[in-house]
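Below: the structure, in C-alpha cells.
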Amino acid sequence: MPAAGKVPDTPVEILVDVLTKAMAVASSSVNVPQELKSHLQEALDIACGLDNYLEEMSTPESEPLAELYRETVSHDWDRVHQEGKTMFRLPKECVTGHVEGQTLKMLVHMSQAKRVLEIGMFTGYGALSMAEGLPEDGCLVACELEPYLKDFSRPLFDKSPHGSKISVRTGSAMDTLQELAAAGEQFDMVFIDADKDNYINYYNFILDNNLLRMRGVICVDNTLFKSKVYLNHVTDANGLALRRFNQFVSADPRVEQVILPLRDGLSIIRRVPATSEGVKAQDKITDDVVFRGVKGQPILDRLRLDGKVAYVTGGGQGIGRAFAHALGEAGAKVAVVDLDQDKAEAVAKELLVKGISSMSITADVSKVEDVRRMVEAVVGRWGALHVACNNAGINMNSASEETTLEEWDKTFDVNLRGTFMCCQAAGRVMLKQGYGKIINTASMASLIVPHPQKQLSYNTSKAGVVKLTQTLGTEWIDRGVRVNCISPGIVDTPLIHSESLRPLVQRWLSDIPAGRLAQVTDLQAAVVFLASDTSDYMTGHNLVIEGGQSLW
Ligand code: NAP
C-alpha cells in the first residue's frame, strides 16, 4: 500500500486509490448490496497487497543502496532548487525503488552485461543496483543533466564496493550520446529513465549509431505512465509521449519488445538478429554460413560445451583443476579424476557449488584397471563421453647419467603409458559414438630442453605424448575422434614448487619473452577451444602456450 500522503504514481497505486474511494462511497451508502461491497473489498485487498508482496519477496537491497534511498527521500530537494543548485525541482519520487532496482540488477546478470549505459540517473539508485550486477571489470556510464546529482551520489557510491564501476557524465544526454558514438563506444544494456518526450530520440540514436552491442537490450522506465498510455481522453504530455514511444517501438522491425507491469512499467527491448528476413531485406548482404554463423550460432556460442560429458585426469589441483573449471563453466559435465581422493572430491565440490554437474573419481592412470573403471564410471553415470582430458603427469629431476630405471619407468608409466591407456579406453567409447575430443597435456619440454634442471625421463615422455597424439589424431579423425595436445611452458603450480626447482624461477624468467611464468588460467581457453566443435578440423596438433619461451 502506498505510504500515507503519497501521491499515487503507478497503475496499481492509482487502482488502490480509486478502489479505496469507491469502498468509502459504498460503505457509507445503505443502498449498495453487501455482495458488491465484498467484491470491492476483495479487489482492494488484491491491488493493495501486490507491491508489498513483491517488496517482501524480492532479495533485500544492500546497505549502500538502502543508505542511498534514505538520503534521497530525506533530502530537501525544494530548498536545493530554490538555492539555484538544481535547474529543475526534482521530486524524490524519481528514485528507483527496491523491487525495480533488483529487477535491473537481475537483467544485468541475465544479459551478462559488462557495459551499461544509463540515460537519466537522478541520485543513482538504479545505477548502483545495476553496478552490483556487473562483473568486477564491468562499467556503467550514467548520463545526468544536473551536476548537483553527480556530487550528491558520488560519496554514496564510494561506500559500495561496486561504486567505482560507475562514471557519471553530466550535461545534455544527447550530447553525451553523440560523444560516446563518436568514440565508438558500445553497451550491452541501456536503461532509459529521463525526459519522456526525448525517449524516442534517445532510442533511435542508440539503434542508428550502434551504441547497442549485438544481442544487447534496452530497458525503458515508466512506459505504462500511470496508465495514461492506454486510457482514453488523456491530455498529459508525458503520457502521450510515452504512448507514441510504445507504439513506435512495437511497430519497429528492428526490435522485439515486452512491457512488464512492474511499478510504472518497464519495457525490455532487444534488437532482432541480423539474420531475420526483415533486416536482411534492408541491406544487400551475403547471406551465407559466415553471416548466419554455423548452426545459426555466433562464435562465442559455438565454443560452449552444453550437454557434453568430460573427464580430467590430475584434476585435483594445478592445471587439471583449472581445466575442470573451464570445461564446466563452458557447460560440460565434468568428472574430476585424481590419485588423491580428497583432492578430487574437493574440486568436484567446487564445481557443484558453481552449478556445474560433476563427480569425483579416484584413479591411478598408470593402472589399466583404474583407467577402465574411470571410463566406465563416467559413461555409466552420464551415458556418454565427449571430452577426455588426459592431464595427469609427474616430473622427477636427475642428471641423465644418474637417472634410475625406476625413475624412468615411473615417469613413463604415468606420463606416456598412462596417457596411452586413457586415450585407448576413451577412444574406444568415442569411436563407437562417432564423436569425441581427446586433449592430452604434453609440455614445452617436448620441443625444447628446459634447463638448467635435468629431466630426461620427463622430456622424453612428453615428446612421446606428442607423437602419440599425432598418430592417434590421424588414425581416428575419419571416425569423428580428434586428438590434440596442449604444451604449457613453465606453469606456476605445485609441480614446480619443489625445493629443488623453486630456486630456478629467476633463471627461467630470463628465458621467457613474456617475462612471467604461466598461470593455470592462461591455459583454460585452449582446452575449451579444443573441446568445442570450433576446432573440429584440428587433429594431432600440439598447441604450445609458453609465453614465447620455445622461440628463444
Ligand atoms: P600438479 O600440480 O602436480 O598436479 C597433478 C595432479 O595429478 C596432482 O593432483 C596429482 O596427484 C595427480 N596425479 C599424479 N599422478 C597421477 C596418477 N598416476 N593418476 C592420477 N592422478 C595423478 O601438476 P600440474 O603442474 O598441474 O601438471 C599437470 C600436467 O601438466 C602434467 O602432465 C604436467 O606434466 C604438465 N605440465 C606442467 C607444467 C608446469 O610447469 N607445471 C608445464 C608443462 C606441462 P598427487 O598430487 O596426489 O600426486
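FYI, nothing fancy with the C-alpha cells labels: chains A, B, ... in order, residues from 1 per chain, ligands from 1 as they appear.
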
Given only C-alpha atoms and all ligand atoms, how would the per-residue table for chain A near ligand 1 read, listing every residue at most 7 Å away with its closest atom pair and distance in Å to one decimal, sorted by chain and number, as a tab-separated table?
residue	atom	partner	partner_atom_place_in_ligand_line	distance
A:Thr313	CA	ligand 1	21 (N)	5.8
A:Gly314	CA	ligand 1	7 (O)	3.2
A:Gly315	CA	ligand 1	9 (O)	6.1
A:Gly316	CA	ligand 1	9 (O)	4.4
A:Gln317	CA	ligand 1	9 (O)	4.7
A:Gly318	CA	ligand 1	26 (O)	3.5
A:Ile319	CA	ligand 1	26 (O)	3.7
A:Gly320	CA	ligand 1	26 (O)	5.5
A:Val337	CA	ligand 1	20 (C)	6.6
A:Asp338	CA	ligand 1	21 (N)	4.0
A:Leu339	CA	ligand 1	20 (C)	4.1
A:Asp340	CA	ligand 1	47 (O)	4.5
A:Lys343	CA	ligand 1	9 (O)	6.8
A:Ala363	CA	ligand 1	20 (C)	5.6
A:Asp364	CA	ligand 1	19 (N)	3.5
A:Val365	CA	ligand 1	19 (N)	4.1
A:Ser366	CA	ligand 1	18 (N)	5.2
A:Asn391	CA	ligand 1	32 (O)	4.7
A:Ala392	CA	ligand 1	7 (O)	4.2
A:Gly393	CA	ligand 1	32 (O)	3.4
A:Ile394	CA	ligand 1	34 (O)	5.4
A:Asn395	CA	ligand 1	34 (O)	6.3
A:Val414	CA	ligand 1	18 (N)	5.1
A:Asn415	CA	ligand 1	32 (O)	6.6
A:Thr441	CA	ligand 1	32 (O)	5.2
A:Ala442	CA	ligand 1	44 (C)	5.8
A:Ser443	CA	ligand 1	44 (C)	4.1
A:Met444	CA	ligand 1	43 (C)	6.0
A:Ser487	CA	ligand 1	43 (C)	6.0
A:Pro488	CA	ligand 1	43 (C)	4.4
A:Gly489	CA	ligand 1	42 (C)	5.1
A:Ile490	CA	ligand 1	40 (O)	3.7
A:Val491	CA	ligand 1	40 (O)	3.5
A:Asp492	CA	ligand 1	41 (N)	5.9
A:Thr493	CA	ligand 1	25 (O)	4.8
A:Pro494	CA	ligand 1	2 (O)	4.4
A:Leu495	CA	ligand 1	3 (O)	4.1
A:Ile496	CA	ligand 1	41 (N)	5.8

Alpha helix (DSSP H) positions in segment 195-265 of chain A, given as a list in words: Tyr199, Ile200, Asn201, Tyr202, Tyr203, Asn204, Phe205, Ile206, Leu207, Asp208, Ala237, Asn238, Gly239, Leu240, Ala241, Leu242, Arg243, Arg244, Phe245, Asn246, Gln247, Phe248, Val249, Ser250 and Ala251 of chain A

Just give me the gap between atom CA of Met214 of chain A and atom CA of Val290 of chain A in Å, one decimal is fine. 15.7 Å

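Residues lying within 8 Å of Ala384 of chain A, counting only C-alpha atoms and ignoring same-chain neighbours fewer than 4 positions away, are Val309, Val378, Val379, Gly380 and Val429 of chain A.
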
Filtering to all heavy atoms, could you give me those residues as a JSON list (two decimals), in the first residue's frame?
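Contents of again.json, as written:
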[["chain", "number", "residue", "atom", "x", "y", "z"],
["A", 309, "VAL", "N", 29.99, -34.32, -22.05],
["A", 309, "VAL", "CA", 30.48, -35.02, -20.87],
["A", 309, "VAL", "C", 32.01, -35.10, -20.95],
["A", 309, "VAL", "O", 32.55, -35.52, -21.98],
["A", 309, "VAL", "CB", 29.90, -36.45, -20.81],
["A", 309, "VAL", "CG1", 30.56, -37.26, -19.70],
["A", 309, "VAL", "CG2", 28.39, -36.40, -20.62],
["A", 378, "VAL", "N", 32.23, -42.84, -15.79],
["A", 378, "VAL", "CA", 31.71, -41.64, -16.47],
["A", 378, "VAL", "C", 30.54, -42.03, -17.38],
["A", 378, "VAL", "O", 29.46, -41.43, -17.33],
["A", 378, "VAL", "CB", 32.83, -40.94, -17.29],
["A", 378, "VAL", "CG1", 32.26, -39.75, -18.04],
["A", 378, "VAL", "CG2", 33.97, -40.51, -16.38],
["A", 379, "VAL", "N", 30.77, -43.05, -18.21],
["A", 379, "VAL", "CA", 29.72, -43.45, -19.16],
["A", 379, "VAL", "C", 28.51, -44.01, -18.40],
["A", 379, "VAL", "O", 27.36, -43.74, -18.76],
["A", 379, "VAL", "CB", 30.29, -44.47, -20.18],
["A", 379, "VAL", "CG1", 29.20, -44.92, -21.15],
["A", 379, "VAL", "CG2", 31.45, -43.85, -20.96],
["A", 380, "GLY", "N", 28.80, -44.75, -17.31],
["A", 380, "GLY", "CA", 27.70, -45.32, -16.52],
["A", 380, "GLY", "C", 26.83, -44.22, -15.93],
["A", 380, "GLY", "O", 25.61, -44.33, -15.88],
["A", 429, "VAL", "N", 35.24, -45.80, -26.59],
["A", 429, "VAL", "CA", 33.87, -45.29, -26.41],
["A", 429, "VAL", "C", 33.55, -44.27, -27.50],
["A", 429, "VAL", "O", 32.49, -44.30, -28.14],
["A", 429, "VAL", "CB", 33.72, -44.61, -25.01],
["A", 429, "VAL", "CG1", 32.36, -43.95, -24.88],
["A", 429, "VAL", "CG2", 33.94, -45.63, -23.90]]
